[in-house]
$ cat coords-v3.csv   # CSV, C-alpha atoms
chain,number,residue,atom,x,y,z
A,1,MET,CA,0.0,0.0,0.0
A,2,SER,CA,2.9,2.4,0.6
A,3,ALA,CA,3.6,2.2,-3.1
A,4,VAL,CA,0.3,4.0,-3.7
A,5,LYS,CA,1.1,6.7,-1.2
A,6,ASP,CA,4.7,7.6,-2.1
A,7,GLY,CA,5.1,5.9,-5.4
A,8,ALA,CA,8.6,4.5,-4.6
A,9,ALA,CA,8.1,1.4,-2.6
A,10,ASP,CA,7.9,-2.1,-4.2
A,11,SER,CA,4.2,-2.7,-4.9
A,12,GLY,CA,4.6,-6.4,-5.7
A,13,VAL,CA,2.8,-5.8,-8.9
A,14,ALA,CA,4.4,-6.8,-12.2
A,15,PHE,CA,6.1,-3.6,-13.6
A,16,GLY,CA,4.7,-1.7,-10.7
A,17,ALA,CA,7.6,0.7,-10.5
A,18,GLU,CA,7.3,1.6,-14.1
A,19,LEU,CA,3.5,2.0,-13.8
A,20,LEU,CA,3.8,4.3,-10.9
A,21,ALA,CA,6.6,6.4,-12.4
A,22,PHE,CA,4.6,6.9,-15.6
A,23,THR,CA,1.5,7.7,-13.6
A,24,ASP,CA,3.3,10.3,-11.5
A,25,ALA,CA,4.9,11.9,-14.5
A,26,VAL,CA,1.5,12.2,-16.4
A,27,MET,CA,-0.2,13.6,-13.3
A,28,ALA,CA,2.6,16.1,-12.8
A,29,ARG,CA,2.4,17.2,-16.4
A,30,LYS,CA,6.2,17.0,-16.9
A,31,GLY,CA,7.0,16.4,-20.5
A,32,ALA,CA,10.5,15.1,-20.2
A,33,ALA,CA,9.5,12.8,-17.3
A,34,ILE,CA,6.5,11.5,-19.3
A,35,GLU,CA,8.8,10.6,-22.2
A,36,ALA,CA,11.3,8.8,-20.1
A,37,THR,CA,8.9,6.9,-18.0
A,38,ARG,CA,6.8,6.0,-21.0
A,39,LYS,CA,9.8,4.5,-22.6
A,40,ALA,CA,10.6,2.4,-19.6
A,41,LEU,CA,6.9,1.2,-19.3
A,42,GLU,CA,6.9,0.4,-23.0
A,43,ALA,CA,10.0,-1.8,-22.6
A,44,GLY,CA,8.0,-3.8,-20.0
A,45,LEU,CA,4.4,-3.8,-21.2
A,46,GLY,CA,4.6,-2.7,-24.8
A,47,VAL,CA,2.8,0.1,-26.6
A,48,GLU,CA,-0.5,-1.5,-25.7
A,49,GLY,CA,0.4,-1.4,-22.0
A,50,VAL,CA,1.2,2.2,-22.2
A,51,VAL,CA,-2.1,3.0,-23.9
A,52,ASP,CA,-4.0,1.0,-21.4
A,53,THR,CA,-2.2,2.7,-18.5
A,54,ALA,CA,-3.0,6.1,-20.0
A,55,ALA,CA,-6.6,5.0,-20.3
A,56,VAL,CA,-6.8,4.1,-16.6
A,57,ILE,CA,-5.1,7.4,-15.6
A,58,ALA,CA,-7.6,9.3,-17.7
A,59,MET,CA,-10.6,7.3,-16.3
A,60,PHE,CA,-9.6,7.9,-12.6
A,61,ASN,CA,-9.2,11.6,-13.2
A,62,VAL,CA,-12.9,11.4,-14.1
A,63,VAL,CA,-14.0,9.0,-11.3
A,64,ASP,CA,-12.3,11.1,-8.6
A,65,ARG,CA,-13.8,14.4,-9.8
A,66,VAL,CA,-17.3,13.0,-10.3
A,67,ALA,CA,-17.2,11.5,-6.8
A,68,ASP,CA,-15.8,14.6,-5.1
A,69,ALA,CA,-18.1,17.1,-7.0
A,70,THR,CA,-21.3,15.2,-6.3
A,71,GLY,CA,-20.6,14.2,-2.7
A,72,ILE,CA,-21.4,10.6,-3.1
A,73,PRO,CA,-20.9,8.4,0.0
A,74,ILE,CA,-18.7,5.4,0.0
A,75,ASP,CA,-20.7,2.3,-0.8
A,76,ASP,CA,-21.5,0.1,2.2
A,77,GLY,CA,-19.9,-3.3,2.7
A,78,PHE,CA,-16.6,-4.5,1.4
A,79,THR,CA,-15.7,-1.4,-0.5
A,80,ARG,CA,-16.4,0.8,2.5
A,81,ASP,CA,-14.3,-1.3,4.8
A,82,LEU,CA,-11.5,-1.5,2.3
A,83,ARG,CA,-11.4,2.3,1.6
A,84,TYR,CA,-11.2,3.2,5.3
A,85,ALA,CA,-8.6,0.4,6.0
A,86,ILE,CA,-6.4,1.7,3.1
A,87,GLY,CA,-6.8,5.3,4.2
A,88,SER,CA,-5.8,4.4,7.7
A,89,GLU,CA,-2.8,2.3,6.7
A,90,LEU,CA,-1.5,4.9,4.3
A,91,GLY,CA,-2.0,7.8,6.8
A,92,MET,CA,-4.0,9.6,4.1
A,93,ASP,CA,-4.9,12.9,5.6
A,94,HIS,CA,-7.3,14.2,3.0
A,95,LEU,CA,-10.9,14.6,3.7
A,96,THR,CA,-13.2,11.6,4.0
A,97,PRO,CA,-16.7,11.9,2.4
A,98,GLU,CA,-18.2,12.4,5.9
A,99,GLU,CA,-15.9,15.3,6.7
A,100,ARG,CA,-16.6,16.9,3.3
A,101,ALA,CA,-20.3,16.6,3.9
A,102,ASN,CA,-20.1,18.3,7.3
A,103,ARG,CA,-18.0,21.2,6.2
B,104,MET,CA,17.6,15.8,-36.7
B,105,ALA,CA,17.3,13.0,-34.2
B,106,GLN,CA,13.8,11.6,-33.5
B,107,SER,CA,12.5,12.6,-30.1
B,108,PRO,CA,11.3,9.8,-27.7
B,109,THR,CA,7.7,11.1,-28.3
B,110,ASP,CA,8.1,10.9,-32.1
B,111,ASP,CA,9.5,7.4,-31.7
B,112,PHE,CA,6.6,6.3,-29.6
B,113,ARG,CA,4.0,7.9,-31.8
B,114,SER,CA,5.4,6.1,-34.8
B,115,LYS,CA,4.5,2.8,-33.1
B,116,LEU,CA,1.4,4.0,-31.4
B,117,ARG,CA,-1.8,1.9,-31.9
B,118,VAL,CA,-4.8,2.8,-29.9
B,119,ARG,CA,-7.6,0.3,-29.4
B,120,GLU,CA,-10.4,1.1,-31.8
B,121,ASP,CA,-13.1,0.9,-29.0
B,122,LEU,CA,-11.2,3.5,-27.0
B,123,ARG,CA,-10.8,5.8,-30.0
B,124,LEU,CA,-14.5,5.5,-30.9
B,125,VAL,CA,-15.6,6.5,-27.4
B,126,GLN,CA,-13.1,9.4,-27.4
B,127,ARG,CA,-14.3,10.7,-30.7
B,128,GLU,CA,-17.9,10.5,-29.7
B,129,MET,CA,-17.2,12.1,-26.4
B,130,LEU,CA,-15.4,15.0,-28.1
B,131,ALA,CA,-18.3,15.5,-30.5
B,132,SER,CA,-20.8,15.4,-27.7
B,133,PHE,CA,-19.2,18.4,-26.0
B,134,SER,CA,-20.3,20.6,-28.9
B,135,ARG,CA,-23.9,19.2,-29.1
B,136,SER,CA,-26.7,20.3,-27.0
B,137,GLY,CA,-27.2,18.1,-23.9
B,138,THR,CA,-30.0,17.8,-21.4
B,139,TRP,CA,-29.6,21.2,-19.7
B,140,TRP,CA,-27.0,23.1,-21.8
B,141,THR,CA,-26.8,24.0,-25.4
B,142,GLY,CA,-23.9,22.8,-27.6
B,143,SER,CA,-22.3,26.2,-27.5
B,144,GLU,CA,-22.5,26.3,-23.7
B,145,ARG,CA,-21.1,22.7,-23.4
B,146,ARG,CA,-18.3,23.6,-25.7
B,147,SER,CA,-17.5,26.6,-23.5
B,148,ILE,CA,-17.6,24.5,-20.4
B,149,ALA,CA,-15.1,22.1,-22.0
B,150,ALA,CA,-12.8,24.9,-23.2
B,151,GLU,CA,-12.9,26.4,-19.7
B,152,ALA,CA,-12.0,23.0,-18.2
B,153,ARG,CA,-9.0,22.8,-20.4
B,154,ALA,CA,-7.9,26.4,-19.5
B,155,ALA,CA,-8.2,25.7,-15.8
B,156,ARG,CA,-5.1,23.5,-15.8
B,157,ASP,CA,-3.0,26.6,-16.4
B,158,CYS,CA,-4.9,29.1,-14.3
B,159,ARG,CA,-2.8,31.1,-12.0
B,160,LEU,CA,-5.6,31.7,-9.5
B,161,CYS,CA,-6.2,28.0,-9.3
B,162,ALA,CA,-2.5,27.3,-8.7
B,163,GLU,CA,-2.5,29.9,-5.8
B,164,ARG,CA,-5.6,28.3,-4.3
B,165,LYS,CA,-4.2,24.8,-4.6
B,166,ALA,CA,-1.2,25.9,-2.6
B,167,ALA,CA,-3.2,27.7,0.0
B,168,LEU,CA,-4.3,26.1,3.3
B,169,SER,CA,-7.9,26.7,2.4
B,170,PRO,CA,-9.0,26.8,-1.3
B,171,PHE,CA,-11.7,29.3,-0.2
B,172,ALA,CA,-9.2,31.9,1.2
B,173,VAL,CA,-7.8,33.2,-2.0
B,174,GLU,CA,-9.8,35.6,-4.2
B,175,GLY,CA,-9.1,36.7,-7.7
B,176,ASP,CA,-10.0,36.2,-11.4
B,177,HIS,CA,-9.6,33.0,-13.3
B,178,SER,CA,-7.7,32.9,-16.5
B,179,GLY,CA,-9.6,31.3,-19.3
B,180,PRO,CA,-11.4,31.9,-22.6
B,181,SER,CA,-15.0,31.7,-21.5
B,182,ASP,CA,-18.0,33.8,-21.9
B,183,LEU,CA,-19.7,31.9,-19.2
B,184,ALA,CA,-20.8,33.6,-16.0
B,185,ALA,CA,-18.0,34.1,-13.4
B,186,GLU,CA,-19.8,31.9,-10.9
B,187,ILE,CA,-19.9,29.0,-13.5
B,188,VAL,CA,-16.3,29.5,-14.4
B,189,ASP,CA,-15.3,29.3,-10.8
B,190,VAL,CA,-17.2,26.0,-10.4
B,191,ILE,CA,-15.5,24.5,-13.5
B,192,HIS,CA,-12.0,25.5,-12.3
B,193,ARG,CA,-12.5,24.2,-8.8
B,194,VAL,CA,-13.8,20.9,-10.0
B,195,VAL,CA,-10.9,20.4,-12.4
B,196,THR,CA,-8.0,21.7,-10.3
B,197,ASP,CA,-8.9,21.0,-6.6
B,198,PRO,CA,-11.7,18.5,-6.4
B,199,GLY,CA,-10.6,16.8,-3.2
B,200,ARG,CA,-11.2,19.9,-1.2
B,201,LEU,CA,-14.8,20.6,-2.4
B,202,VAL,CA,-17.2,20.5,0.6
B,203,ARG,CA,-20.9,20.4,0.9
B,204,SER,CA,-21.2,24.0,2.3
B,205,TRP,CA,-19.5,25.2,-0.9
B,206,TYR,CA,-21.9,23.2,-3.1
B,207,GLU,CA,-24.9,24.7,-1.1
B,208,ARG,CA,-23.5,28.2,-1.6
B,209,VAL,CA,-23.3,27.6,-5.3
B,210,MET,CA,-26.9,26.4,-5.4
B,211,ALA,CA,-28.0,29.3,-3.3
B,212,GLU,CA,-26.4,31.8,-5.7
B,213,GLY,CA,-29.0,30.7,-8.2
B,214,THR,CA,-26.8,30.8,-11.3
B,215,LEU,CA,-26.7,27.0,-11.6
B,216,SER,CA,-29.5,24.6,-11.0
B,217,GLU,CA,-28.5,21.1,-9.7
B,218,GLU,CA,-29.3,19.6,-13.0
B,219,ARG,CA,-27.0,22.0,-14.8
B,220,TYR,CA,-24.4,21.5,-12.1
B,221,VAL,CA,-24.4,17.8,-12.7
B,222,GLU,CA,-24.1,18.1,-16.5
B,223,LEU,CA,-21.4,20.7,-16.1
B,224,VAL,CA,-19.3,18.4,-13.9
B,225,SER,CA,-19.7,15.6,-16.4
B,226,VAL,CA,-18.6,17.7,-19.4
B,227,ALA,CA,-15.7,19.3,-17.5
B,228,VAL,CA,-14.2,16.1,-16.1
B,229,ARG,CA,-14.5,14.1,-19.3
B,230,LEU,CA,-12.8,16.8,-21.3
B,231,ASN,CA,-10.0,16.7,-18.7
B,232,ALA,CA,-9.8,12.9,-19.3
B,233,LEU,CA,-9.3,13.4,-23.0
B,234,ASP,CA,-6.5,15.8,-22.3
B,235,VAL,CA,-4.8,13.6,-19.7
B,236,PHE,CA,-4.9,10.6,-22.2
B,237,ALA,CA,-3.4,12.7,-25.0
B,238,ARG,CA,-0.7,14.0,-22.8
B,239,ALA,CA,0.2,10.5,-21.6
B,240,ILE,CA,0.6,9.1,-25.1
B,241,GLY,CA,2.4,12.2,-26.5
B,242,GLU,CA,-0.4,13.7,-28.6
B,243,ASN,CA,-1.8,17.2,-28.6
B,244,PRO,CA,-5.1,17.9,-26.8
B,245,PRO,CA,-7.9,17.2,-29.3
B,246,GLU,CA,-9.5,20.3,-30.9
B,247,LEU,CA,-13.1,20.9,-29.9
B,248,PRO,CA,-15.4,20.9,-32.8
B,249,ALA,CA,-17.7,23.9,-33.6
B,250,ALA,CA,-20.9,24.0,-31.6
B,251,ALA,CA,-23.9,22.4,-33.2
B,252,PRO,CA,-27.4,24.0,-33.0
B,253,GLY,CA,-30.1,22.5,-31.0
B,254,ALA,CA,-32.0,23.0,-27.7
B,255,PRO,CA,-31.5,21.1,-24.5
B,256,THR,CA,-34.2,18.5,-23.7
B,257,GLU,CA,-34.5,19.6,-20.1
B,258,GLN,CA,-35.9,16.3,-18.9
B,259,ARG,CA,-35.4,15.8,-15.1
B,260,PRO,CA,-36.1,12.2,-13.9
B,261,ALA,CA,-39.4,12.4,-11.9
B,262,THR,CA,-38.1,10.0,-9.2
B,263,ALA,CA,-34.8,11.9,-8.6
B,264,ARG,CA,-34.3,12.9,-4.9
B,265,ILE,CA,-31.5,13.4,-2.4
B,266,ASP,CA,-30.4,9.8,-1.6
B,267,GLY,CA,-27.0,10.1,0.2
B,268,ALA,CA,-25.1,12.4,-2.2
B,269,TRP,CA,-25.1,16.2,-2.3
B,270,VAL,CA,-27.0,16.1,-5.6
B,271,SER,CA,-30.3,14.3,-6.4
B,272,GLN,CA,-30.2,10.8,-7.8
B,273,ILE,CA,-32.6,8.3,-9.2
B,274,PRO,CA,-33.2,6.0,-6.1
B,275,GLY,CA,-32.8,2.3,-6.3
B,276,GLY,CA,-35.5,-0.3,-6.1
B,277,ALA,CA,-39.2,0.3,-6.5
B,278,ALA,CA,-38.7,4.0,-5.8
B,279,GLY,CA,-36.7,4.5,-9.0
B,280,GLY,CA,-39.2,2.5,-11.0
B,281,GLU,CA,-38.9,2.6,-14.8
B,282,GLU,CA,-36.3,5.4,-14.6
B,283,TRP,CA,-33.9,3.1,-12.7
B,284,THR,CA,-34.6,0.2,-15.0
B,285,ALA,CA,-34.0,2.3,-18.1
B,286,LEU,CA,-30.5,3.1,-16.8
B,287,TYR,CA,-29.5,0.0,-14.9
B,288,GLY,CA,-31.7,-2.8,-16.1
B,289,ASP,CA,-32.6,-5.4,-13.4
B,290,ARG,CA,-29.5,-4.6,-11.3
B,291,GLU,CA,-30.5,-4.1,-7.7
B,292,PHE,CA,-27.1,-2.7,-6.7
B,293,VAL,CA,-25.2,-0.1,-8.6
B,294,PRO,CA,-22.0,1.5,-7.0
B,295,GLN,CA,-22.4,5.1,-6.0
B,296,ILE,CA,-20.1,6.2,-8.8
B,297,GLY,CA,-22.5,4.7,-11.3
B,298,ARG,CA,-25.4,6.6,-9.7
B,299,ALA,CA,-23.6,10.0,-9.1
B,300,LEU,CA,-24.8,11.6,-12.4
B,301,SER,CA,-28.2,9.9,-12.6
B,302,LEU,CA,-30.0,13.3,-12.3
B,303,VAL,CA,-28.9,13.6,-15.9
B,304,PRO,CA,-29.3,10.1,-17.3
B,305,ALA,CA,-27.5,10.8,-20.6
B,306,GLU,CA,-24.3,11.6,-18.6
B,307,VAL,CA,-24.5,8.2,-16.8
B,308,ASP,CA,-24.5,6.5,-20.2
B,309,ALA,CA,-21.5,8.7,-21.3
B,310,LEU,CA,-19.6,7.8,-18.1
B,311,ASP,CA,-20.3,4.1,-18.5
B,312,ALA,CA,-19.1,4.2,-22.1
B,313,LEU,CA,-15.9,5.9,-21.0
B,314,SER,CA,-15.4,3.4,-18.2
B,315,ARG,CA,-16.0,0.3,-20.4
B,316,SER,CA,-13.4,1.4,-22.9
B,317,HIS,CA,-10.8,3.0,-20.5
B,318,TYR,CA,-11.2,0.7,-17.4
B,319,MET,CA,-14.1,-1.6,-17.1
B,320,SER,CA,-17.9,-1.5,-17.1
B,321,ILE,CA,-19.1,0.1,-13.8
B,322,GLU,CA,-21.2,-2.9,-13.0
B,323,HIS,CA,-17.9,-5.0,-12.6
B,324,VAL,CA,-16.0,-2.4,-10.6
B,325,THR,CA,-16.9,-3.9,-7.2
B,326,ASP,CA,-16.0,-7.5,-8.3
B,327,PRO,CA,-12.2,-7.8,-7.4
B,328,ALA,CA,-12.0,-11.0,-9.4
B,329,TYR,CA,-13.1,-9.4,-12.7
B,330,SER,CA,-10.6,-8.6,-15.4
B,331,GLU,CA,-11.5,-6.9,-18.6
B,332,PRO,CA,-10.7,-9.1,-21.6
B,333,GLY,CA,-8.3,-7.9,-24.3
B,334,ARG,CA,-6.3,-5.5,-22.0
B,335,ALA,CA,-2.6,-5.3,-21.7
B,336,LEU,CA,-2.9,-4.7,-17.9
B,337,ASP,CA,-4.2,-7.2,-15.4
B,338,ARG,CA,-6.5,-6.1,-12.7
B,339,MET,CA,-3.8,-5.7,-10.1
B,340,GLN,CA,-1.9,-3.4,-12.4
B,341,MET,CA,-5.0,-1.4,-13.2
B,342,GLU,CA,-5.8,-1.0,-9.5
B,343,LEU,CA,-2.3,0.1,-8.7
B,344,VAL,CA,-2.5,2.9,-11.3
B,345,ALA,CA,-6.1,3.8,-10.2
B,346,SER,CA,-5.1,4.0,-6.5
B,347,ARG,CA,-2.1,6.1,-7.3
B,348,VAL,CA,-4.1,8.6,-9.3
B,349,SER,CA,-6.7,8.9,-6.6
B,350,ALA,CA,-4.0,9.4,-4.0
B,351,LEU,CA,-2.5,12.2,-6.1
B,352,ASN,CA,-5.9,13.7,-6.6
B,353,GLU,CA,-6.4,13.5,-2.8
B,354,CYS,CA,-9.6,11.6,-3.4
B,355,PHE,CA,-10.8,9.2,-0.8
B,356,TYR,CA,-13.1,7.1,-3.1

$ encode --input "coords-v3.csv" --output "structure tokens"
Amino acid sequence: MSAVKDGAADSGVAFGAELLAFTDAVMARKGAAIEATRKALEAGLGVEGVVDTAAVIAMFNVVDRVADATGIPIDDGFTRDLRYAIGSELGMDHLTPEERANR
Amino acid sequence: MAQSPTDDFRSKLRVREDLRLVQREMLASFSRSGTWWTGSERRSIAAEARAARDCRLCAERKAALSPFAVEGDHSGPSDLAAEIVDVIHRVVTDPGRLVRSWYERVMAEGTLSEERYVELVSVAVRLNALDVFARAIGENPPELPAAAPGAPTEQRPATARIDGAWVSQIPGGAAGGEEWTALYGDREFVPQIGRALSLVPAEVDALDALSRSHYMSIEHVTDPAYSEPGRALDRMQMELVASRVSALNECFY
């Protein structure tokens, strides 16, 4: 989980370091870093892997904003438990849906 | 002259056709009239969403302890009302610090109805997705087509009500009736992200089309064992990227 937070730790996922480095570069909008990390990711997962990674990055920029702008709650059950467990483990200090609803 | 890494990558680039088709349709839809906005207005929302990324005021707010403590004018091309421009910029550049009291102030100002707010959010964030994808694969942001004529349909679901989110949604089960079935078929459970835009059903369809081609159909999202066929990434790799994006966006979902 710490890989998700700081992007540097070993995620245990195949080509995880390359995926995270590319994701960070795209999110930071740094052209040179995007090119360098894209090349490394392509070496591991091919052009199709780069395209599908770009697609997931794009999609979650939508999901996050739709969720935050409409104020939806976290779904009950497994998803809710997982989200709060991850948030606690990672020490994520951004606002929970409940905090955002009460401010 | 030596070929740049981007040129080299683009010479090999092959984008899945289903993904390209959805992106082309999405781009065209930004300039067509929707449910609550005209094509011209939707195009302006999309253009403003694109400009928000380089807005100085938004950068100052992002760096501030509170995003509501910094006043000023946004930089952007739009002829939309200042209150609407502000909503677009905040949703694009600092969504993780939006709070309910802010949303309620926006509604109280009266410039936006909740229906227009929901459609605005959908257009702004999906334009942002197109630009993020283009940046990632080394392409320029796609040009917005000219606005098409036409009037919004202005059809609000009769069953829509506040049901846990800030905005109204079509409720599940019998309360949602035919409006629920028209959107979700016989599914009894739909994740909140699939219901978030249901006040404007056309935007739910657009979001699901985007999700199917870029990630997976929303109905499969809560099944951790599901993997979308034909993808170069397995589910673990997808979720690693998705989680990192959400962490960087300071999004709890």

$ residues_around --input "coords-v3.csv" --residues "region 119-135 of chain B" --least-positions-apart "5" --cutoff "9 Å" --atoms "only C-alpha atoms" --output "PyMOL selection string"
(chain A and resi 48+51-52+55) or (chain B and resi 140-149+226+229-230+233+245-253+309+312-313+315-317)

$ interface_residues --input "coords-v3.csv" --of "chain B" --to "chain A" --cutoff "6 Å" --atoms "only C-alpha atoms" --output "list in words"
Pro198, Gly199, Val202, Arg203, Ser204, Val228, Ala232, Val235, Phe236, Ala239, Ala268, Trp269, Val270, His317, Tyr318, Ala335, Ala345, Arg347, Glu353, Cys354 and Phe355 of chain B

$ atom_distance --input "coords-v3.csv" --atom1 "CA of Leu201 (chain B)" --atom2 "CA of Lys165 (chain B)"
11.6 Å

$ atom_distance --input "coords-v3.csv" --atom1 "CA of Val303 (chain B)" --atom2 "CA of Arg290 (chain B)"
18.8 Å

$ atom_distance --input "coords-v3.csv" --atom1 "CA of Thr256 (chain B)" --atom2 "CA of Thr138 (chain B)"
4.8 Å

$ residues_near_point --input "coords-v3.csv" --point "(-25.7, 20.4, -17.6)" --cutoff "7 Å" --atoms "all atoms listed in the file" --output "PyMOL selection string"
chain B and resi 137-140+218-223

$ write_last_selection --input "coords-v3.csv" --atoms "C-alpha atoms" --output "short mmCIF file (atom, residue, chain, number, x, y, z; two decimals), in the coordinates of the input"
data_model
loop_
_atom_site.label_atom_id
_atom_site.label_comp_id
_atom_site.auth_asym_id
_atom_site.auth_seq_id
_atom_site.Cartn_x
_atom_site.Cartn_y
_atom_site.Cartn_z
CA GLY B 137 -27.20 18.10 -23.90
CA THR B 138 -30.00 17.80 -21.40
CA TRP B 139 -29.60 21.20 -19.70
CA TRP B 140 -27.00 23.10 -21.80
CA GLU B 218 -29.30 19.60 -13.00
CA ARG B 219 -27.00 22.00 -14.80
CA TYR B 220 -24.40 21.50 -12.10
CA VAL B 221 -24.40 17.80 -12.70
CA GLU B 222 -24.10 18.10 -16.50
CA LEU B 223 -21.40 20.70 -16.10
#
